[in-house]
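Engineer: Just passing along the structure, written as structure tokens.
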Amino acid sequence: MSPACSPAIEAAGVVKAFGPVTALDRVDLTVGPGTLTALLGPNGAGKTTLVRIIATLSRPDAGRVRVLGYDVAAQAAQVRARIGLTGQYAGLDEELRGRDNLVLIGRLAGLRRRHAYQRAAELAGTFGLADAIDRTVRTYSGGMRRRLDLAASLMARPALLVLDEPTTGLDPGSRQQLWAALSGLRAEGTTMLLTTQYLEEADRFADMVHVLDRGRILASGTAAQLKARAGSGVAEIRLYEAAAAPAAARALAERLSLPPGAIRTEAGTGRLTLAAPDGTATLLAAAAALAAAGITVDDLGLRQPSLDEAFLALTGAAA
Amino acid sequence: MTAAVPGRLARDSRLIAGRQLRVLRMNPGRLIYPLVQPLVLLVLFVSVLGNLAVTRQPGDGSYREFLIPGVLVMNAALTAPASGLALLRDAGNGLADRFRSLPMSRAAVLTGRLGPDAVIFAVQAVLLLGEAALLGFRVRAGLPGLAAIVAVAVAFGLAVAVTSTWLALLINDAETAERVLYFPAIAIAFVSSAFAPVSDLAGWMQPIARANPVSAAAGLIRSLSSGGPAARPLLQLACWVTGLIIVPGMLAVRRWQAPS
């Protein structure tokens with residue numbers, strides 16, 4: 001088996017349970033070399049569990065995972081020598097200076113002393129940390145810490161970089177900076193797998209998106225493919241009378257020939273939402289349907305689907 | 001993979017040791033507890049208890065001469081849990097995952113602490129011996145005797161440190177471990193010959209005290225300071241130190257690297 005031409009990550013039938021909770025339920029995942037792949041899902045979807053298995057920090061109960069051609073259980077050392085991990089919590093020693101952290105991690109990853117210092121200086125420059133590199137990490141802002149953590153993961157030039165929610169908890173400016181850094185890495189050809197809760201991030205940056213929920217991959221594809229399946233938007237309708245909601249839902253389902261689960265009503269508020277695959281055309285058809293049924297509409301509009309609604313559309317399941 | 005392992009362990013241990021020493025250099029306040037508190041405790045013990053009794057120990061020295069080696073060993077026992085607690089703090093944050101995802105020697109995270117810990121135990125013993133000299137403590141064997149006493153304190157301290165590291169990883173909660181680990185350290189110091197000859201202890205304590213590594217360490221230091229047979233406490237301490245470093249040490253390494 002030649003690691004060079006195999007996929008960066010190949011997971012088949014991965015199962016992981018923590019006591020009674022099934023974190024991963026027969027997950028299959030393939031990540032091609034040189035791609036940026038996003039695992040998209042809400043809290044508790046199993047993203048972190050999957051990332052930890054790929055990074056050799058956790059063992060699957062069943063199934064097989066190969067990273068860069070090496071089995072994560074039987075050949076963990078080979079995997080570790082080739083990956084970089086940026087976990088959900090910064091893997092840094094707060095009490096040391098930025099430079100000490102980079103050099104320590106680089107040397108533990110196998111770099112020689114001189115090379116580690118060179119690489120640390122180089123990465124500090126790349127990630128805009130040159131001025132802060134001789135300060136204790138304790139004094140860093142959240143965004144700086146993230147960037148230093150990312151730099152630490154890159155010390156030994158890993159063939160695969162795994163990032164667990166790299167942008168969670170960052171302000172918009174820091175998030176932009178981090179994304180600029182990741183885009184630069186992608187341009188250099190680094191394979192990346194990252195988890196995110198933000199649909200918009202996966203949409204803008206990932207080559208491939210896998211939607212994970214309750215331990216299962218619900219959908220996989222490019223962002224464009226997933227969006228096509230999720231519909232272009234959501235029609236939101238507020239009725240004049242809250243009590244008219246059930247009648248409105250019936251009228252919409254009938255006239256637009258929608259399955260019963262496609263329309264969501266919020267109990268007691270007179271608000272309805274439905275997928276609008278045809279954009280404004282769906283909206284106009286809905287307005288006409290309600291007018292024909294004699295139901296007065298207070299407000300209606302079109303908006304982008306939320307993550308929840310994307311899931312709903314992708315799975316066809318009622319939330 | 002086979003030939004590289006010992007080299008890697010030595011190299012990575014040095015790197016981790018370097019990290020520990022650098023953290024100490026940047027936070028010298030951390031040394032107050034292991035280095036200053038023992039000096040205060042020694043003065044307190046000697047001032048309160050020092051003139052209390054004349055022991056029936058062979059060598060018929062003063063109680064002060066009997067007490068000081070006990071206080072020395074007690075201080076090493078009280079300092080040792082800090083090592084396990086520090087490792088547990090590392091285990092609880094992202095740095096542990098970082099270390100586990102690196103192609104480094106898994107044992108180095110623990111073995112790398114032994115060097116800096118040994119330095120702390122040694123400096124502590126040297127300071128205590130200096131203070132003890134001011135309090136009138138004399139070591140018959142002279143400079144080699146003093147060096148041997150420091151070595152006893154270091155060996156005993158490391159054994160307790162490694163054991164506390166394993167216990168800390170078993171407890172796996174920094175706050176609980178902080179409360180739990182100091183109690184056995186105090187208990188083993190009291191149920192021993194540190195402060196009174198074994199024959200003066202309550203009956204049920206005597207078998208425990210005779211087997212206690214604290215008794216062995218204190219007994220060995222007394223042989224070095226005031227003469228007397230050293231072979232028995234030396235053998236007993238050597239067994240304890242070897243056993244406590246190897247068994248809990250291996251269990252701690254296994255616990256640290258166990259994938260969840």
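Ordered as shown in the structure tokens, chains take letters A, B, and onward, while each chain numbers its residues from 1 and ligands are numbered from 1 in the order shown.
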Hey, which bits of chain B sit within 8 Å of chain A, and for each residue what's the closest pair of atoms and how far apart in Å (one decimal), counting only C-alpha atoms, rows by chain and increasing number, as JSON lines?
Structural biologist:
{"residue": "B:Asp12", "atom": "CA", "partner": "A:Leu108", "partner_atom": "CA", "distance": 6.3}
{"residue": "B:Leu15", "atom": "CA", "partner": "A:Leu104", "partner_atom": "CA", "distance": 6.9}
{"residue": "B:Arg19", "atom": "CA", "partner": "A:Leu104", "partner_atom": "CA", "distance": 7.6}
{"residue": "B:Arg22", "atom": "CA", "partner": "A:Leu96", "partner_atom": "CA", "distance": 7.5}
{"residue": "B:Val23", "atom": "CA", "partner": "A:Glu95", "partner_atom": "CA", "distance": 6.1}
{"residue": "B:Met26", "atom": "CA", "partner": "A:Glu95", "partner_atom": "CA", "distance": 7.5}
{"residue": "B:Asn93", "atom": "CA", "partner": "A:Tyr89", "partner_atom": "CA", "distance": 6.9}
{"residue": "B:Gly94", "atom": "CA", "partner": "A:Gly91", "partner_atom": "CA", "distance": 4.2}
{"residue": "B:Leu95", "atom": "CA", "partner": "A:Gly91", "partner_atom": "CA", "distance": 3.8}
{"residue": "B:Ala96", "atom": "CA", "partner": "A:Gly91", "partner_atom": "CA", "distance": 7.2}
{"residue": "B:Asp97", "atom": "CA", "partner": "A:Gly91", "partner_atom": "CA", "distance": 6.8}
{"residue": "B:Arg98", "atom": "CA", "partner": "A:Gly91", "partner_atom": "CA", "distance": 5.2}
{"residue": "B:Arg100", "atom": "CA", "partner": "A:Leu57", "partner_atom": "CA", "distance": 6.6}
{"residue": "B:Ser101", "atom": "CA", "partner": "A:Arg80", "partner_atom": "CA", "distance": 5.6}
{"residue": "B:Leu102", "atom": "CA", "partner": "A:Arg80", "partner_atom": "CA", "distance": 5.4}
{"residue": "B:Pro103", "atom": "CA", "partner": "A:Arg80", "partner_atom": "CA", "distance": 5.0}
{"residue": "B:Met104", "atom": "CA", "partner": "A:Leu108", "partner_atom": "CA", "distance": 5.5}
{"residue": "B:Pro259", "atom": "CA", "partner": "A:Ser58", "partner_atom": "CA", "distance": 4.8}
{"residue": "B:Ser260", "atom": "CA", "partner": "A:Ser58", "partner_atom": "CA", "distance": 4.9}
Engineer: Quick one: residues within 7 Å of Pro69 in chain B, only C-alpha atoms counted, chain neighbours fewer than 4 positions away excluded, as number ranges by chain?
Structural biologist: B: 73, 218, 221-222
Engineer: Pull C-alpha atoms from the residues just selected and write them as a short mmCIF file (atom, residue, chain, number, x, y, z; two decimals), in the first residue's frame.
Structural biologist:
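Generated output (part.cif):
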data_model
loop_
_atom_site.label_atom_id
_atom_site.label_comp_id
_atom_site.auth_asym_id
_atom_site.auth_seq_id
_atom_site.Cartn_x
_atom_site.Cartn_y
_atom_site.Cartn_z
CA VAL B 73 11.81 13.51 55.37
CA ALA B 218 14.65 9.02 58.58
CA ILE B 221 19.64 9.94 57.74
CA ARG B 222 20.11 9.39 61.51
#
Engineer: DSSP on the backbone, helix (DSSP H, G or I) only: what residues of range 4-210 of chain A does that give? Format it as a PyMOL selection string.
Structural biologist: chain A and resi 4-5+47-54+76-80+98-108+113-126+137-139+142-154+172-187+199-205
Engineer: Taking only C-alpha atoms into account, which of B:Gly18, B:Gly70, B:Pro6, B:Gly228 comes nearest Phe190 in chain B?
Structural biologist: B:Gly70
Engineer: Excluding Ser47 in chain B and its own-chain neighbours fewer than 4 positions away, which residues fall within 12 Å of it when counting only C-alpha atoms? Please give them as a compact mmCIF listing (two decimals) with N, CA and C atoms, in the first residue's frame.
Structural biologist:
# COMPACT_ATOMS: atom_id res chain seq x y z
N VAL B 40 10.45 27.10 57.60
CA VAL B 40 9.60 27.56 58.70
C VAL B 40 9.18 26.37 59.56
N LEU B 41 8.79 25.27 58.89
CA LEU B 41 8.35 24.09 59.64
C LEU B 41 9.46 23.56 60.54
N LEU B 42 10.68 23.58 60.02
CA LEU B 42 11.80 23.05 60.81
C LEU B 42 11.97 23.86 62.10
N VAL B 43 11.94 25.19 61.94
CA VAL B 43 12.07 26.05 63.13
C VAL B 43 10.93 25.77 64.11
N ASN B 51 13.15 20.40 72.74
CA ASN B 51 13.72 20.16 74.05
C ASN B 51 12.84 19.25 74.88
N LEU B 52 11.87 18.65 74.21
CA LEU B 52 10.81 17.94 74.93
C LEU B 52 11.32 16.71 75.65
N TYR B 63 16.86 14.90 71.63
CA TYR B 63 15.68 14.69 70.80
C TYR B 63 15.78 15.53 69.53
N ARG B 64 16.42 16.68 69.66
CA ARG B 64 16.60 17.53 68.50
C ARG B 64 17.34 16.79 67.37
N LEU B 67 14.90 14.44 65.94
CA LEU B 67 13.76 15.06 65.26
C LEU B 67 14.11 15.61 63.87
N ILE B 68 15.28 16.23 63.75
CA ILE B 68 15.60 16.95 62.51
C ILE B 68 15.57 16.04 61.27
N ALA B 132 19.48 23.52 59.77
CA ALA B 132 19.67 22.58 60.87
C ALA B 132 21.04 22.79 61.52
N LEU B 135 20.89 25.37 63.89
CA LEU B 135 20.16 24.94 65.09
C LEU B 135 20.98 23.92 65.90
Engineer: What does the distance between CA of Trp179 in chain A and CA of Gly142 in chain A come to in Å, to one decimal place?
Structural biologist: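 The value is 14.7 Å.
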